[in-house]
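Chemist: Contents are PDB, C-alpha atoms, pLDDT in the B column; file name query_5.pdb:
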```pdb
MODEL        1
ATOM      1  CA  MET Y   1     -26.828 -17.132 -10.382  1.00 60.00           C
ATOM      2  CA  GLU Y   2     -23.467 -15.422 -10.488  1.00 68.00           C
ATOM      3  CA  LEU Y   3     -20.926 -16.134  -7.750  1.00 73.00           C
ATOM      4  CA  SER Y   4     -21.074 -12.490  -6.720  1.00 67.00           C
ATOM      5  CA  GLU Y   5     -24.811 -12.838  -6.020  1.00 73.00           C
ATOM      6  CA  SER Y   6     -24.268 -15.588  -3.443  1.00 79.00           C
ATOM      7  CA  ARG Y   7     -24.672 -14.547   0.182  1.00 81.00           C
ATOM      8  CA  LEU Y   8     -22.524 -17.504   1.217  1.00 84.00           C
ATOM      9  CA  TYR Y   9     -19.667 -16.257  -0.968  1.00 83.00           C
ATOM     10  CA  ALA Y  10     -20.057 -12.735   0.428  1.00 84.00           C
ATOM     11  CA  SER Y  11     -19.961 -14.111   3.966  1.00 86.00           C
ATOM     12  CA  VAL Y  12     -16.884 -16.255   3.328  1.00 86.00           C
ATOM     13  CA  VAL Y  13     -14.815 -13.446   1.800  1.00 86.00           C
ATOM     14  CA  THR Y  14     -15.895 -11.073   4.560  1.00 87.00           C
ATOM     15  CA  LEU Y  15     -14.772 -13.680   7.098  1.00 87.00           C
ATOM     16  CA  GLY Y  16     -11.427 -13.817   5.294  1.00 85.00           C
ATOM     17  CA  LEU Y  17     -11.104 -10.063   5.604  1.00 87.00           C
ATOM     18  CA  ALA Y  18     -11.955 -10.374   9.298  1.00 87.00           C
ATOM     19  CA  CYS Y  19      -9.092 -12.904   9.633  1.00 83.00           C
ATOM     20  CA  LEU Y  20      -6.709 -10.295   8.293  1.00 82.00           C
ATOM     21  CA  VAL Y  21      -8.057  -7.674  10.703  1.00 83.00           C
ATOM     22  CA  VAL Y  22      -7.627 -10.088  13.627  1.00 82.00           C
ATOM     23  CA  LEU Y  23      -4.068 -10.797  12.518  1.00 80.00           C
ATOM     24  CA  VAL Y  24      -3.205  -7.111  12.425  1.00 76.00           C
ATOM     25  CA  SER Y  25      -4.708  -6.636  15.883  1.00 77.00           C
ATOM     26  CA  ILE Y  26      -2.581  -9.528  17.185  1.00 74.00           C
ATOM     27  CA  TRP Y  27       0.535  -7.732  15.954  1.00 72.00           C
ATOM     28  CA  SER Y  28       0.221  -4.882  18.379  1.00 68.00           C
ATOM     29  CA  ASP Y  29       3.105  -2.805  19.628  1.00 62.00           C
ATOM     30  CA  ALA Y  30       3.035  -4.781  22.877  1.00 70.00           C
ATOM     31  CA  ASP Y  31       4.171  -7.952  21.105  1.00 74.00           C
ATOM     32  CA  PRO Y  32       7.903  -8.430  21.830  1.00 77.00           C
ATOM     33  CA  ARG Y  33       8.442 -10.151  18.466  1.00 77.00           C
ATOM     34  CA  TRP Y  34       7.471  -6.867  16.807  1.00 72.00           C
ATOM     35  CA  ALA Y  35      10.145  -4.879  18.690  1.00 70.00           C
ATOM     36  CA  ASP Y  36      12.443  -4.687  15.665  1.00 74.00           C
ATOM     37  CA  SER Y  37       9.483  -3.726  13.382  1.00 71.00           C
ATOM     38  CA  SER Y  38       9.679  -6.918  11.350  1.00 76.00           C
ATOM     39  CA  LEU Y  39       8.714 -10.555  11.667  1.00 76.00           C
ATOM     40  CA  THR Y  40      10.760 -13.227   9.957  1.00 79.00           C
ATOM     41  CA  GLY Y  41       9.204 -16.519   8.920  1.00 78.00           C
ATOM     42  CA  ASP Y  42      10.450 -18.426  11.954  1.00 83.00           C
ATOM     43  CA  GLU Y  43       8.967 -15.839  14.359  1.00 81.00           C
ATOM     44  CA  TRP Y  44       5.415 -16.479  13.129  1.00 83.00           C
ATOM     45  CA  TYR Y  45       3.018 -18.793  14.919  1.00 84.00           C
ATOM     46  CA  TRP Y  46       1.138 -21.315  12.770  1.00 88.00           C
ATOM     47  CA  TYR Y  47      -2.229 -19.621  13.310  1.00 85.00           C
ATOM     48  CA  GLU Y  48      -0.791 -16.288  12.139  1.00 83.00           C
ATOM     49  CA  LYS Y  49       0.248 -17.912   8.863  1.00 85.00           C
ATOM     50  CA  VAL Y  50      -3.246 -19.407   8.482  1.00 86.00           C
ATOM     51  CA  LEU Y  51      -4.938 -16.057   9.200  1.00 84.00           C
ATOM     52  CA  LEU Y  52      -2.683 -14.233   6.742  1.00 84.00           C
ATOM     53  CA  SER Y  53      -3.244 -16.827   4.025  1.00 87.00           C
ATOM     54  CA  ALA Y  54      -7.030 -16.795   4.513  1.00 87.00           C
ATOM     55  CA  GLY Y  55      -7.161 -13.014   4.497  1.00 87.00           C
ATOM     56  CA  LEU Y  56      -5.032 -12.561   1.394  1.00 89.00           C
ATOM     57  CA  LEU Y  57      -6.856 -15.330  -0.454  1.00 90.00           C
ATOM     58  CA  ALA Y  58     -10.215 -13.719   0.384  1.00 89.00           C
ATOM     59  CA  ILE Y  59      -9.097 -10.273  -0.738  1.00 89.00           C
ATOM     60  CA  PHE Y  60      -7.558 -11.513  -4.000  1.00 92.00           C
ATOM     61  CA  THR Y  61     -10.489 -13.812  -4.847  1.00 91.00           C
ATOM     62  CA  ASN Y  62     -13.027 -11.114  -4.055  1.00 90.00           C
ATOM     63  CA  TRP Y  63     -11.159  -8.587  -6.177  1.00 91.00           C
ATOM     64  CA  ILE Y  64     -11.084 -10.960  -9.165  1.00 92.00           C
ATOM     65  CA  VAL Y  65     -14.752 -12.006  -8.876  1.00 89.00           C
ATOM     66  CA  ALA Y  66     -16.093  -8.477  -8.339  1.00 89.00           C
ATOM     67  CA  THR Y  67     -14.011  -6.964 -11.115  1.00 89.00           C
ATOM     68  CA  PHE Y  68     -14.893  -9.692 -13.615  1.00 89.00           C
ATOM     69  CA  ASP Y  69     -18.570  -9.550 -12.652  1.00 86.00           C
ATOM     70  CA  SER Y  70     -18.809  -5.783 -12.973  1.00 86.00           C
ATOM     71  CA  PHE Y  71     -17.178  -5.875 -16.422  1.00 86.00           C
ATOM     72  CA  ALA Y  72     -19.270  -8.844 -17.590  1.00 83.00           C
ATOM     73  CA  LEU Y  73     -22.565  -7.339 -16.449  1.00 81.00           C
ATOM     74  CA  GLY Y  74     -21.742  -3.891 -17.760  1.00 82.00           C
ATOM     75  CA  HIS Y  75     -21.883  -2.007 -14.482  1.00 82.00           C
ATOM     76  CA  ARG Y  76     -20.018   1.038 -15.684  1.00 82.00           C
ATOM     77  CA  GLY Y  77     -20.140   2.826 -12.370  1.00 84.00           C
ATOM     78  CA  TRP Y  78     -18.535  -0.094 -10.551  1.00 88.00           C
ATOM     79  CA  ARG Y  79     -16.081  -1.584 -13.007  1.00 87.00           C
ATOM     80  CA  TRP Y  80     -13.182   0.849 -12.629  1.00 89.00           C
ATOM     81  CA  TRP Y  81     -13.694   1.302  -8.903  1.00 92.00           C
ATOM     82  CA  ASN Y  82     -13.513  -2.481  -8.453  1.00 90.00           C
ATOM     83  CA  LEU Y  83     -10.434  -2.729 -10.616  1.00 89.00           C
ATOM     84  CA  LEU Y  84      -8.481   0.064  -8.923  1.00 92.00           C
ATOM     85  CA  CYS Y  85      -9.652  -0.009  -5.290  1.00 91.00           C
ATOM     86  CA  TRP Y  86      -9.944  -3.439  -3.663  1.00 88.00           C
ATOM     87  CA  PRO Y  87     -11.910  -2.374  -0.527  1.00 90.00           C
ATOM     88  CA  ILE Y  88     -14.763  -1.256  -2.802  1.00 90.00           C
ATOM     89  CA  THR Y  89     -15.135  -4.851  -4.004  1.00 90.00           C
ATOM     90  CA  PHE Y  90     -16.528  -5.890  -0.608  1.00 89.00           C
ATOM     91  CA  VAL Y  91     -19.244  -3.245  -0.910  1.00 90.00           C
ATOM     92  CA  TYR Y  92     -19.971  -4.388  -4.465  1.00 89.00           C
ATOM     93  CA  ILE Y  93     -20.231  -8.057  -3.447  1.00 88.00           C
ATOM     94  CA  TRP Y  94     -22.662  -7.322  -0.611  1.00 88.00           C
ATOM     95  CA  ILE Y  95     -24.830  -5.144  -2.856  1.00 87.00           C
ATOM     96  CA  ALA Y  96     -24.776  -7.873  -5.528  1.00 85.00           C
ATOM     97  CA  ALA Y  97     -25.664 -10.518  -2.915  1.00 85.00           C
ATOM     98  CA  SER Y  98     -28.671  -8.470  -1.820  1.00 83.00           C
ATOM     99  CA  GLY Y  99     -30.006  -8.610  -5.389  1.00 79.00           C
ATOM    100  CA  ARG Y 100     -30.214  -4.852  -5.909  1.00 76.00           C
ATOM    101  CA  LEU Y 101     -27.297  -4.638  -8.337  1.00 73.00           C
ATOM    102  CA  ARG Y 102     -28.769  -7.028 -10.910  1.00 66.00           C
ATOM    103  CA  LYS Y 103     -31.797  -4.752 -11.384  1.00 49.00           C
ATOM    104  CA  GLN Y 104     -29.666  -1.639 -11.872  1.00 47.00           C
ATOM    105  CA  GLY Y 105     -27.221  -3.229 -14.353  1.00 46.00           C
ATOM    106  CA  GLY Y 106     -28.475  -3.475 -17.913  1.00 50.00           C
ATOM    107  CA  THR Y 107     -28.871  -6.615 -19.888  1.00 49.00           C
ATOM    108  CA  HIS Y 108     -27.051  -9.843 -19.281  1.00 49.00           C
ATOM    109  CA  ALA Y 109     -27.092 -12.910 -21.477  1.00 45.00           C
ATOM    110  CA  ALA Y 110     -28.157 -15.848 -19.341  1.00 40.00           C
TER     111      ALA Y 110
ENDMDL
END
```
Could you rewrite the structure in this file as structure tokens?
Modeler:
Amino acid sequence: MELSESRLYASVVTLGLACLVVLVSIWSDADPRWADSSLTGDEWYWYEKVLLSAGLLAIFTNWIVATFDSFALGHRGWRWWNLLCWPITFVYIWIAASGRLRKQGGTHAA
């Protein structure tokens, strides 16, 4: 089983993306720290640093796994989209986790 076919992996990286969305929603215009349109390192709370790290790690890891998987399995329709557009990788991972992508893809040496 490939990592991209794991529902647990798909859930974890989606949770990481949700962390990033929560972080962006925390930084609303009503936050006084955001008044000068920038946050320096000492203005961040610890949980904001954790949310940002989790979100960026999830996005980067998902991009690498989905791109490598689509190239390795020969999914021509997905490979360039995954390489050039990172939000598409979340769609790819969830389709791969459902098991539908393996059947569409061609041959794969086990």
Chemist: Separation of CA of Val22 (chain Y) and CA of Asp42 (chain Y), in Å?
Modeler: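 If I compute the distance from CA of Val22 (chain Y) to CA of Asp42 (chain Y), I get 20.0 Å.
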Chemist: The PyMOL selection byres ((chain Y and resi 92-100) around 12) on the file shown: which residues, as a PyMOL selection string?
Modeler: chain Y and resi 1-14+59+61-70+73+75+77-83+85-91+101-105
Chemist: Can you work out the spacing between CA of Trp34 (chain Y) and CA of Leu57 (chain Y) in Å, to one decimal?
Modeler: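 Between CA of Trp34 (chain Y) and CA of Leu57 (chain Y) the gap is 24.0 Å.
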Chemist: Which distance in Å separates CA of Leu23 (chain Y) and CA of Glu48 (chain Y), to one decimal?
Modeler: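 Rounded to one decimal, the two atoms are 6.4 Å apart.
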Chemist: Using all atoms listed in the file, find the one residue out of Y:Ala72, Y:Asp36, Y:Trp44, Y:Gly55 that sits nearest to Leu20 (chain Y).
Modeler: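 Closest to Leu20 (chain Y) of all the choices is Y:Gly55.
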Chemist: For this file, the PyMOL selection byres ((chain Y and resi 51) around 10) selects which residues, as JSON, numbers by chain?
Modeler: {"Y": [16, 17, 18, 19, 20, 21, 22, 23, 24, 46, 47, 48, 49, 50, 52, 53, 54, 55, 56, 57]}
